[in-house]
Amino acid sequence: MNLTNQNPDSARPGEPVELTFSVQNVGNNDLKDITVTVEPEYPFTRLSGESLEKTVSYLNARQDDNDAAILKFKMLTDSNASEGTYEIKVTTASKSGSGSSSTTYTTTKTIYLEVRGKEYAQIVTINKANIDIAKEETLEFIITNTGTSPLKNMVVSWKDPKGVILPVYSDNTRYIKYLKADQSVNVAYSVMADINANPGLYPLDVNLSFEDYESNEKNIQTTAGLFVGGETDFDVAFSESAAGEISLSVANVGNNMAYSVKVSVPKQDGYRVSGSSSTIVGNLEKGDYTIASFNVASTQAAGVSGGSASGTAKASAEGGNITSTSRDSNPLKIQIEYTDAKGERITVDKEVELELTSGNMTAQGATGNNGGLSSYLLYIVLIVLAGGAFVYRKKIQEKIQARKEKQSGSKKPESRDN
């Protein structure tokens with residue numbers, strides 16, 4: 001008995017394989033009731049509707065190839081079978097002679113079958129689900145050989161149909177020479193989204209091609225989603241201060257829209273907020289800015305010129321003076337909350353230096369007399385008094401001069417001659 005054909009030449013996981021045997025009587029006695037049984041082992045099993053036992057009623061002695069009986073068997077290969085060579089046993093039973101003198105012969109032969117592994121690859125994941133606008137990002141695909149056969153000469157490429165996401169520094173193609181079963185490989189690209197892109201989810205068409213066992217090219221196509229847009233950044237600067245109220249300029253310096261922006265002054269050492277500590281400024285487009293104002297009082301010690309103990313003022317917890325020396329103290333902490341393009345609420349912490357002009361500036365909520373203001377009032381009073389004294393003295397001199405002229409004009413001419 002010989003295996004004359006196998007279809008396909010290599011068994012494929014999850015697919016049937018057909019074996020063709022040639023059965024000949026090469027002995028000197030005629031044979032009858034020949035039974036041929038295939039005994040499959042893993043990864044082969046009986047195919048539904050197919051028998052693994054077949055019979056030949058009679059075989060003459062000393063047959064040649066033309067007289068051989070042809071038997072075909074079909075089996076199913078397990079879908080998870082690994083690539084390799086497997087063995088199955090084929091048993092032949094036959095009878096020679098008749099009646100009580102008949103003899104039964106049994107032989108077992110081992111057949112070796114080659115299994116070609118399943119060739120398949122899968123993009124398991126992408127290292128990040130979103131990229132920023134107009135910012136260089138790393139996009140990484142993880143390719144896994146989920147088949148049971150090695151893959152060779154793989155080509156990985158992708159494309160955004162809308163042309164929003166493009167590779168930079170290289171093209172969109174990567175080559176993998178060889179990848180064993182159950183192994184993974186990382187494929188990285190540098191990409192950038194168009195600065196004019198609208199935030200949203202964009203599809204990437206991914207193509208994976210490779211050579212199969214017979215060097216035929218196969219393709220696996222899939223689609224991955226990538227979100228463009230997301231978080232942004234802000235710049236906060238001190239704008240002005242008047243009557244205890246400070247104004248801050250808040251600018252969206254990122255590349256994405258910020259929705260429902262709220263600016264807050266959190267509780268912190270050195271400052272106290274009178275009234276509301278938060279304000280909602282609405283939406284801020286990229287490059288846009290707004291003004292947020294708060295009533296802030298300093299609660300930290302602020303020195304004044306002179307350096308003496310008598311010349312040192314402290315801003316009380318009830319409210320004090322924010323002076324030019326406050327710029328050496330702790331910066332004011334600002335908290336910005338906004339909703340990004342994905343609908344997630346993001347919080348950004350910032351610090352801003354209070355750059356005040358020279359002299360004293362009263363913060364909202366300050367009580368008692370202000371030393372700086374008293375000095376200014378004193379100067380004004382002195383100026384007014386000096387001006388009044390000057391005017392009064394001038395008027396006295398004018399009166400004295402007028403009196404002299406009057407007395408001189410009242411004398412007689414002769415008296416003047418005398």
# chains A, B, ... in the order shown; residues from 1 in each chain; ligands from 1
$ residues_around --residues "A:Ile291" --least-positions-apart "6" --cutoff "9 Å" --atoms "only C-alpha atoms" --output "PyMOL selection string"
chain A and resi 239+247-251+281
$ residues_around --residues "stretch 154-157 of chain A" --least-positions-apart "2" --cutoff "10 Å" --atoms "only C-alpha atoms" --output "tab-separated table (two decimals) with C-alpha atoms, in the first residue's frame"
chain	number	residue	atom	x	y	z
A	121	ALA	CA	-1.47	38.73	10.86
A	141	PHE	CA	1.29	49.97	15.05
A	143	ILE	CA	1.65	43.81	14.17
A	151	LEU	CA	5.26	35.38	7.59
A	152	LYS	CA	7.88	36.77	5.25
A	159	LYS	CA	-3.50	56.13	4.39
A	171	ASP	CA	6.73	57.68	3.57
A	172	ASN	CA	3.86	55.59	4.89
A	173	THR	CA	5.46	52.19	4.17
A	174	ARG	CA	7.42	49.84	6.43
A	175	TYR	CA	8.99	46.47	5.57
A	176	ILE	CA	9.24	43.37	7.78
A	177	LYS	CA	11.41	40.59	6.37
A	178	TYR	CA	10.35	37.72	8.64
A	179	LEU	CA	7.92	37.23	11.53
A	187	VAL	CA	6.08	49.70	13.36
A	204	LEU	CA	-6.92	55.15	8.66
A	205	ASP	CA	-6.95	52.47	5.95
A	206	VAL	CA	-4.24	49.96	6.88
A	207	ASN	CA	-2.91	47.41	4.40
A	208	LEU	CA	-0.72	44.43	5.26
A	209	SER	CA	0.72	42.31	2.45
A	210	PHE	CA	2.92	39.21	2.74
A	211	GLU	CA	4.08	36.13	0.84
A	217	GLU	CA	1.19	37.63	-2.36
A	218	LYS	CA	-1.68	37.98	0.09
A	219	ASN	CA	-3.26	41.12	1.51
A	220	ILE	CA	-4.99	41.90	4.79
A	221	GLN	CA	-6.89	45.19	4.89
$ select_by_dssp --residues "stretch 200-280 of chain A" --states "strand (DSSP E)" --output "PyMOL selection string"
chain A and resi 200-211+217-228+234-242+245-252+258-264+271-274+278-280
$ residues_around --residues "stretch 42-49 of chain A" --least-positions-apart "2" --cutoff "10 Å" --atoms "only C-alpha atoms" --output "NGL selection string"
:A and (11 or 13-17 or 38-40 or 51-52 or 73-82 or 86-88 or 113 or 115)
$ residues_around --residues "A:Lys95" --least-positions-apart "3" --cutoff "8 Å" --atoms "only C-alpha atoms" --output "ChimeraX atom specification"
/A:31-34,102-105
$ residues_around --residues "stretch 196-200 of chain A" --least-positions-apart "6" --cutoff "9 Å" --atoms "only C-alpha atoms" --output "number ranges by chain"
A: 133-134, 164, 226-230, 256-257, 341-342
$ residues_around --residues "A:Tyr189" --least-positions-apart "4" --cutoff "8 Å" --atoms "only C-alpha atoms" --output "list in words"
Thr138, Leu139, Glu140, Pro167, Val168, Ser170 and Asn172 of chain A
$ atom_distance --atom1 "atom CA of A:Asp235" --atom2 "atom CA of A:Glu344"
20.4 Å
$ atom_distance --atom1 "atom CA of A:Ser215" --atom2 "atom CA of A:Tyr112"
23.8 Å
$ closest_residue --among "A:Glu136, A:Asp65, A:Leu3, A:Leu71" --to "A:Ile111" --atoms "only C-alpha atoms"
A:Leu3
$ residues_around --residues "A:Arg116" --least-positions-apart "5" --cutoff "6 Å" --atoms "only C-alpha atoms" --output "PyMOL selection string"
chain A and resi 10-12+83
$ closest_residue --among "A:Gln335, A:Thr222, A:Gln397, A:Gln24" --to "A:Lys267" --atoms "only C-alpha atoms"
A:Gln335
$ closest_residue --among "A:Thr339, A:Ala237, A:Gly282, A:Glu351" --to "A:Gln268" --atoms "only C-alpha atoms"
A:Glu351
$ decode --residues "stretch 159-171 of chain A" --atoms "all heavy atoms" --output "short mmCIF file (atom, residue, chain, number, x, y, z; two decimals), in the first residue's frame"
data_model
loop_
_atom_site.label_atom_id
_atom_site.label_comp_id
_atom_site.auth_asym_id
_atom_site.auth_seq_id
_atom_site.Cartn_x
_atom_site.Cartn_y
_atom_site.Cartn_z
N LYS A 159 -3.13 54.89 5.10
CA LYS A 159 -3.50 56.13 4.39
C LYS A 159 -4.74 56.71 5.02
O LYS A 159 -5.68 56.00 5.36
CB LYS A 159 -3.74 55.84 2.91
CG LYS A 159 -4.08 57.07 2.09
CD LYS A 159 -4.30 56.72 0.63
CE LYS A 159 -4.63 57.95 -0.20
NZ LYS A 159 -4.87 57.59 -1.62
N ASP A 160 -4.73 58.04 5.18
CA ASP A 160 -5.92 58.77 5.61
C ASP A 160 -6.65 59.23 4.35
O ASP A 160 -6.14 60.08 3.61
CB ASP A 160 -5.53 59.96 6.48
CG ASP A 160 -6.71 60.85 6.82
OD1 ASP A 160 -7.87 60.41 6.62
OD2 ASP A 160 -6.50 61.98 7.29
N PRO A 161 -7.84 58.72 4.08
CA PRO A 161 -8.56 59.10 2.84
C PRO A 161 -8.81 60.59 2.73
O PRO A 161 -8.91 61.12 1.62
CB PRO A 161 -9.87 58.31 2.94
CG PRO A 161 -9.59 57.19 3.87
CD PRO A 161 -8.60 57.72 4.86
N LYS A 162 -8.92 61.29 3.86
CA LYS A 162 -9.20 62.72 3.83
C LYS A 162 -7.94 63.57 3.75
O LYS A 162 -8.02 64.79 3.62
CB LYS A 162 -10.02 63.11 5.06
CG LYS A 162 -11.40 62.45 5.10
CD LYS A 162 -12.21 62.96 6.27
CE LYS A 162 -13.61 62.33 6.27
NZ LYS A 162 -14.44 62.82 7.41
N GLY A 163 -6.79 62.94 3.87
CA GLY A 163 -5.53 63.68 3.75
C GLY A 163 -5.23 64.61 4.90
O GLY A 163 -4.41 65.52 4.76
N VAL A 164 -5.83 64.38 6.05
CA VAL A 164 -5.59 65.23 7.22
C VAL A 164 -4.33 64.79 7.96
O VAL A 164 -3.53 65.60 8.41
CB VAL A 164 -6.81 65.21 8.16
CG1 VAL A 164 -6.51 65.93 9.47
CG2 VAL A 164 -8.00 65.85 7.47
N ILE A 165 -4.14 63.48 8.08
CA ILE A 165 -3.00 62.92 8.80
C ILE A 165 -1.99 62.41 7.78
O ILE A 165 -2.30 61.57 6.94
CB ILE A 165 -3.45 61.78 9.72
CG1 ILE A 165 -4.58 62.24 10.64
CG2 ILE A 165 -2.28 61.26 10.55
CD1 ILE A 165 -5.26 61.12 11.37
N LEU A 166 -0.77 62.92 7.88
CA LEU A 166 0.27 62.55 6.92
C LEU A 166 1.56 62.21 7.66
O LEU A 166 1.84 62.76 8.72
CB LEU A 166 0.54 63.70 5.94
CG LEU A 166 -0.61 64.08 5.00
CD1 LEU A 166 -0.25 65.33 4.22
CD2 LEU A 166 -0.92 62.93 4.04
N PRO A 167 2.37 61.29 7.08
CA PRO A 167 3.66 60.99 7.68
C PRO A 167 4.67 62.10 7.40
O PRO A 167 4.59 62.77 6.37
CB PRO A 167 4.07 59.68 7.00
CG PRO A 167 3.38 59.72 5.68
CD PRO A 167 2.08 60.45 5.90
N VAL A 168 5.60 62.29 8.31
CA VAL A 168 6.69 63.27 8.13
C VAL A 168 8.02 62.53 8.27
O VAL A 168 8.12 61.54 8.98
CB VAL A 168 6.59 64.43 9.13
CG1 VAL A 168 5.37 65.27 8.86
CG2 VAL A 168 6.55 63.93 10.57
N TYR A 169 9.03 63.03 7.57
CA TYR A 169 10.39 62.49 7.55
C TYR A 169 10.50 61.17 6.79
O TYR A 169 11.60 60.66 6.62
CB TYR A 169 10.95 62.30 8.97
CG TYR A 169 10.86 63.52 9.84
CD1 TYR A 169 10.22 63.48 11.06
CD2 TYR A 169 11.40 64.75 9.43
CE1 TYR A 169 10.12 64.59 11.87
CE2 TYR A 169 11.31 65.87 10.22
CZ TYR A 169 10.67 65.79 11.45
OH TYR A 169 10.57 66.90 12.23
N SER A 170 9.39 60.57 6.40
CA SER A 170 9.45 59.31 5.65
C SER A 170 8.11 59.09 4.97
O SER A 170 7.16 59.86 5.17
CB SER A 170 9.79 58.14 6.57
OG SER A 170 8.72 57.90 7.47
N ASP A 171 8.01 58.00 4.19
CA ASP A 171 6.73 57.68 3.57
C ASP A 171 5.89 56.84 4.53
O ASP A 171 6.24 56.66 5.70
CB ASP A 171 6.93 56.97 2.23
CG ASP A 171 7.67 55.64 2.38
OD1 ASP A 171 7.90 55.22 3.53
OD2 ASP A 171 8.02 55.04 1.36
#
